[in-house]
Each structure stands twice: as structure tokens, then as C-alpha cells.
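Student: Structure incoming, see below.
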Amino acid sequence: MNKEQVVNQLQQIKDSLPLGVHLVAVSKFRPAEFIRAAYDAGQRIFGESQEKELSLKVEELPNDIQWHFIGHLQTNKVKYIARYISLIESVDSLKLLKEINKQAIKNNRVIDVLLELHVAQEETKSGLTPDDCLALLEEGEWKLLSNVRICGLMTMASYCPDEQQIASEFARAHQLFNKIKEKYFSDKEYFKYRSWGMSGDYKIAIEHGANLVRIGTTIFGEREY
Ligand SMILES: *Cc1c(COP(=O)(O)O)cnc(C)c1O
């Protein structure tokens with residue numbers, strides 16, 4: 001891919017998204033010049049999965065980019081991203097949530113997060129099982145955390161060709177979102193994000209309620225690790 005192709009792909013995807021569905025351009029392992037090209041074409045939300053890589057890019061790129069953290073986040077790394085991160089999509093424990101709150105207080109801000117849900121068949125995927133997610137919310141300590149806001153759920157479907165399987169996983173996430181919204185956030189407008197769908201499955205995700213899609217490969221080409 002060259003920069004022109006990136007801009008073309010970005011535009012095609014943006015044109016194809018229904019109103020109200022937001023795009024996270026997943027830029028992990030991509031050079032800053034590609035991100036800059038997408039930025040110049042109007043894209044503002046970018047997703048990264050590694051703290052070191054993200055920190056370097058933040059230095060180099062415009063400061064009105066909204067960075068989403070989408071990878072597994074170790075508690076000892078939170079302090080490095082707390083100053084600027086726009087949304088941490090991958091919160092998978094109360095311990096991590098508490099650390100984010102602590103670092104948010106230190107930076108005198110509120111940090112928005114999503115709870116990462118594990119609905120896929122694969123054991124390898126991270127995230128809270130639906131039961132663990134409900135248990136965390138029911139336990140209630142999160143309500144005392146003044147400087148984090150839980151703004152919705154994130155999930156990944158199984159990496160498989162079975163579209164019905166993928167659809168049923170997204171549908172499950174959507175159901176759980178509705179249940180949690182009603183039970184804990186019915187009066188909270190900010191609890192609104194359903195982050196599911198990547199390059200291979202974002203159309204199915206949108207059919208099942210996604211309003212935040214995280215797309216890398218379709219925009220930037222295959223990643224070179
Ligand atoms: C890498 C990644 C994506 C983007 O995947 P593509 O298949 O390149 O679109 C989305 N979400 C998460 C959590 C990722 O790690």
C-alpha cells in the first residue's frame with residue numbers, strides 16, 4: 001500500500017458506514033507517515049495495541065488525534081498513557097480499572113474505558129466472560145472510582161470463516177450490552193459504545209449493533225511484523 005491507496009481505502013470504508021457508526025483506524029505496526037496521510041484525509045480516531053509504539057507515535061503526530069488503546073494493557077503501563085489516552089477499550093479486570101482510576105486522578109482527568117468481553121469460542125482471546133463482566137458490575141466497587149467512566153463494551157469474534165458463529169457472538173455481546181445498560185447505566189448517556197467488528201467481520205458486527213468498528217488491514221494493507 002502507498003499513501004494514496006490508504007486514503008482511498010479509508011474513504012471507501014467511511015462512505016460505507018451507516019450514520020452513527022464510528023471508525024477506529026487501527027494503526028498498530030504502521031509507520032507514522034501512513035497515519036499522517038489518513039489524518040490529513042480527515043480521520044481522527046486511531047487504535048494502537050502497544051504502549052511503547054503508541055508513545056512514540058504520540059510524540060510525532062498531531063495532538064488532536066483521539067488514541068484508542070485496543071490491546072492487552074498491563075497495569076504497570078497505564079501510567080505512561082494516562083495523560084493523553086482518549087479511550088481504553090480493553091479493560092478486563094477490576095484491578096486494571098482501579099489502576100486507570102489512580103493514574104487518571106494523578107493527571108487530573110477522567111479516563112473513558114470500555115469493558116472487554118470474551119464471547120468467542122477461542123480460549124486464547126482475552127476479556128471478561130459475560131458472567132465475570134456481570135459479577136464485576138454487580139460487586140459495585142467500580143462505582144466508587146471517580147475518575148474512570150465505563151462507556152460501553154468491546155469484543156472480538158472468533159477468527160473463523162463461519163459467519164453464523166460470528167453473528168451469534170456479536171448478537172450475544174449486543175444482548176449483554178442492553179442488559180448492562182438497563183441495569184447499571186440507564187440514566188448515563190455516555191454508556192453507548194458497542195465496539196465490535198474488524199476488517200473481516202465489521203459488516204456482520206454492524207448488523208448486530210456495533211457503533212464503533214476497529215479496522216486495520218482493509219485500510220493499511222497486511223501488517224508486516
Ligand atoms: C489488530 C486489531 C484490530 C484490527 O484488525 P484488522 O483485521 O487488521 O482490521 C481490531 N481490534 C483489535 C483488538 C486488534 O488487536
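Identifiers in this document derive from the order of the C-alpha cells: chains are assigned A, B, ..., residues are numbered from 1 separately in each chain, and ligands are numbered from 1 in order of occurrence.
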Could you give me, as a tab-separated table, every chain A residue with an atom at most 9 Å from ligand 1, plus its closest atom pair and distance in Å to one decimal, counting only C-alpha atoms and all ligand atoms, rows ordered by chain then number?

Tutor:
```
residue	atom	partner	partner_atom_place_in_ligand_line	distance
A:Val24	CA	ligand 1	10 (C)	8.5
A:Ala25	CA	ligand 1	4 (C)	8.0
A:Val26	CA	ligand 1	4 (C)	5.4
A:Ser27	CA	ligand 1	1 (C)	8.2
A:Lys28	CA	ligand 1	1 (C)	6.9
A:Gly47	CA	ligand 1	10 (C)	7.9
A:Glu48	CA	ligand 1	15 (O)	7.8
A:Ser49	CA	ligand 1	15 (O)	6.2
A:Phe69	CA	ligand 1	13 (C)	8.6
A:Ile70	CA	ligand 1	13 (C)	4.9
A:Gly71	CA	ligand 1	15 (O)	5.5
A:His72	CA	ligand 1	13 (C)	8.4
A:Glu89	CA	ligand 1	13 (C)	8.2
A:Ser90	CA	ligand 1	13 (C)	7.8
A:Met154	CA	ligand 1	13 (C)	8.4
A:Thr155	CA	ligand 1	13 (C)	7.7
A:Met156	CA	ligand 1	13 (C)	6.7
A:Ser195	CA	ligand 1	11 (N)	8.9
A:Trp196	CA	ligand 1	11 (N)	7.9
A:Gly197	CA	ligand 1	10 (C)	7.2
A:Met198	CA	ligand 1	9 (O)	4.2
A:Ser199	CA	ligand 1	9 (O)	3.6
A:Gly200	CA	ligand 1	7 (O)	6.0
A:Asp201	CA	ligand 1	7 (O)	8.4
A:Tyr202	CA	ligand 1	9 (O)	8.6
A:Val213	CA	ligand 1	10 (C)	7.9
A:Arg214	CA	ligand 1	10 (C)	4.7
A:Ile215	CA	ligand 1	9 (O)	3.7
A:Gly216	CA	ligand 1	8 (O)	3.6
A:Thr217	CA	ligand 1	8 (O)	3.7
A:Thr218	CA	ligand 1	9 (O)	6.1
A:Ile219	CA	ligand 1	9 (O)	7.9
A:Phe220	CA	ligand 1	8 (O)	8.1
A:Gly221	CA	ligand 1	8 (O)	8.0
A:Glu222	CA	ligand 1	8 (O)	7.3
A:Arg223	CA	ligand 1	8 (O)	7.4
```

Student: Pick out the residues sitting within 7 Å of segment 93-101 of chain A, and hand them over as a CSV table (one decimal) with N, CA, C and O atoms, in the first residue's frame; count only C-alpha atoms, and ignore anything fewer than 5 positions along from it in its own chain.

Tutor:
```
chain,number,residue,atom,x,y,z
A,75,THR,N,-1.1,-3.4,34.0
A,75,THR,CA,-1.3,-2.4,34.9
A,75,THR,C,-0.1,-1.4,35.0
A,75,THR,O,-0.3,-0.2,35.2
A,78,VAL,N,-0.1,1.6,32.5
A,78,VAL,CA,-1.2,2.6,32.5
A,78,VAL,C,-0.6,4.0,32.7
A,78,VAL,O,-1.0,5.0,32.0
A,136,LEU,N,-18.5,-8.3,38.0
A,136,LEU,CA,-17.7,-7.1,38.3
A,136,LEU,C,-18.7,-5.9,38.5
A,136,LEU,O,-18.5,-5.2,39.5
A,145,LEU,N,-15.1,4.6,41.8
A,145,LEU,CA,-13.9,5.1,41.1
A,145,LEU,C,-14.3,6.4,40.3
A,145,LEU,O,-15.0,6.4,39.3
A,147,ASN,N,-12.7,8.7,38.7
A,147,ASN,CA,-12.1,9.3,37.5
A,147,ASN,C,-12.0,8.3,36.3
A,147,ASN,O,-11.2,8.5,35.4
A,148,VAL,N,-12.8,7.3,36.4
A,148,VAL,CA,-13.0,6.4,35.2
A,148,VAL,C,-14.5,6.4,34.8
A,148,VAL,O,-15.3,6.4,35.7
```

Student: Using DSSP on the backbone, list every residue of segment 63-139 of chain A that comes out as strand (DSSP E), and give them as a PyMOL selection string.

Tutor: chain A and resi 66-69+87-91+111-118

Student: Include N, CA and C atoms and write out the residues we just selected as a PDB file, in the first residue's frame.

Tutor:
```pdb
ATOM      1  N   GLN A  66      -7.422  11.266  18.463  1.00  0.00           N
ATOM      2  CA  GLN A  66      -8.000  10.525  19.592  1.00  0.00           C
ATOM      3  C   GLN A  66      -7.456   9.103  19.544  1.00  0.00           C
ATOM      4  N   TRP A  67      -6.561   8.809  20.476  1.00  0.00           N
ATOM      5  CA  TRP A  67      -5.935   7.483  20.508  1.00  0.00           C
ATOM      6  C   TRP A  67      -6.778   6.521  21.327  1.00  0.00           C
ATOM      7  N   HIS A  68      -7.094   5.375  20.745  1.00  0.00           N
ATOM      8  CA  HIS A  68      -7.774   4.315  21.485  1.00  0.00           C
ATOM      9  C   HIS A  68      -6.772   3.198  21.762  1.00  0.00           C
ATOM     10  N   PHE A  69      -6.733   2.753  23.004  1.00  0.00           N
ATOM     11  CA  PHE A  69      -5.885   1.604  23.313  1.00  0.00           C
ATOM     12  C   PHE A  69      -6.726   0.344  23.156  1.00  0.00           C
ATOM     13  N   LEU A  87      -9.557   6.705  24.832  1.00  0.00           N
ATOM     14  CA  LEU A  87     -10.435   5.607  25.252  1.00  0.00           C
ATOM     15  C   LEU A  87      -9.610   4.333  25.387  1.00  0.00           C
ATOM     16  N   ILE A  88      -9.697   3.687  26.553  1.00  0.00           N
ATOM     17  CA  ILE A  88      -9.056   2.382  26.729  1.00  0.00           C
ATOM     18  C   ILE A  88     -10.136   1.334  26.514  1.00  0.00           C
ATOM     19  N   GLU A  89     -10.030   0.612  25.401  1.00  0.00           N
ATOM     20  CA  GLU A  89     -11.128  -0.284  25.003  1.00  0.00           C
ATOM     21  C   GLU A  89     -11.013  -1.669  25.626  1.00  0.00           C
ATOM     22  N   SER A  90      -9.887  -1.936  26.286  1.00  0.00           N
ATOM     23  CA  SER A  90      -9.575  -3.322  26.623  1.00  0.00           C
ATOM     24  C   SER A  90      -9.445  -3.556  28.127  1.00  0.00           C
ATOM     25  N   VAL A  91     -10.387  -3.052  28.905  1.00  0.00           N
ATOM     26  CA  VAL A  91     -10.336  -3.270  30.355  1.00  0.00           C
ATOM     27  C   VAL A  91     -10.926  -4.633  30.679  1.00  0.00           C
ATOM     28  N   ILE A 111     -10.805   9.292  32.665  1.00  0.00           N
ATOM     29  CA  ILE A 111     -10.463   8.447  31.516  1.00  0.00           C
ATOM     30  C   ILE A 111     -11.653   7.551  31.166  1.00  0.00           C
ATOM     31  N   ASP A 112     -12.026   7.595  29.911  1.00  0.00           N
ATOM     32  CA  ASP A 112     -13.110   6.753  29.409  1.00  0.00           C
ATOM     33  C   ASP A 112     -12.582   5.372  29.046  1.00  0.00           C
ATOM     34  N   VAL A 113     -13.364   4.351  29.381  1.00  0.00           N
ATOM     35  CA  VAL A 113     -12.948   2.974  29.097  1.00  0.00           C
ATOM     36  C   VAL A 113     -14.128   2.152  28.589  1.00  0.00           C
ATOM     37  N   LEU A 114     -13.796   1.032  27.959  1.00  0.00           N
ATOM     38  CA  LEU A 114     -14.789   0.011  27.648  1.00  0.00           C
ATOM     39  C   LEU A 114     -14.387  -1.261  28.377  1.00  0.00           C
ATOM     40  N   LEU A 115     -15.352  -2.050  28.755  1.00  0.00           N
ATOM     41  CA  LEU A 115     -15.056  -3.376  29.298  1.00  0.00           C
ATOM     42  C   LEU A 115     -14.924  -4.336  28.120  1.00  0.00           C
ATOM     43  N   GLU A 116     -13.839  -5.109  28.136  1.00  0.00           N
ATOM     44  CA  GLU A 116     -13.641  -6.071  27.050  1.00  0.00           C
ATOM     45  C   GLU A 116     -14.286  -7.392  27.416  1.00  0.00           C
ATOM     46  N   LEU A 117     -15.115  -7.834  26.517  1.00  0.00           N
ATOM     47  CA  LEU A 117     -15.917  -9.023  26.728  1.00  0.00           C
ATOM     48  C   LEU A 117     -15.347 -10.188  25.921  1.00  0.00           C
ATOM     49  N   HIS A 118     -15.334 -11.349  26.520  1.00  0.00           N
ATOM     50  CA  HIS A 118     -14.910 -12.548  25.796  1.00  0.00           C
ATOM     51  C   HIS A 118     -16.145 -13.367  25.428  1.00  0.00           C
TER      52      HIS A 118
END
```

Student: List the spatial neighbours of Phe170 of chain A as a list in words - criterion: any atom at most 7 Å away, only C-alpha atoms, same-chain residues fewer than 3 positions off excluded.

Tutor: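 Near neighbours after the sequence-gap exclusion: Ala157, Ile166, Ala167, Ala173, His174, Ala205 and His208 of chain A.
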
Student: Counting only C-alpha atoms, which residue out of A:Pro31, A:Gly42, A:Gly209, A:Pro161 sits closest to Pro18 of chain A?

Tutor: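 For Pro18 of chain A, the nearest of the candidates is A:Gly209.
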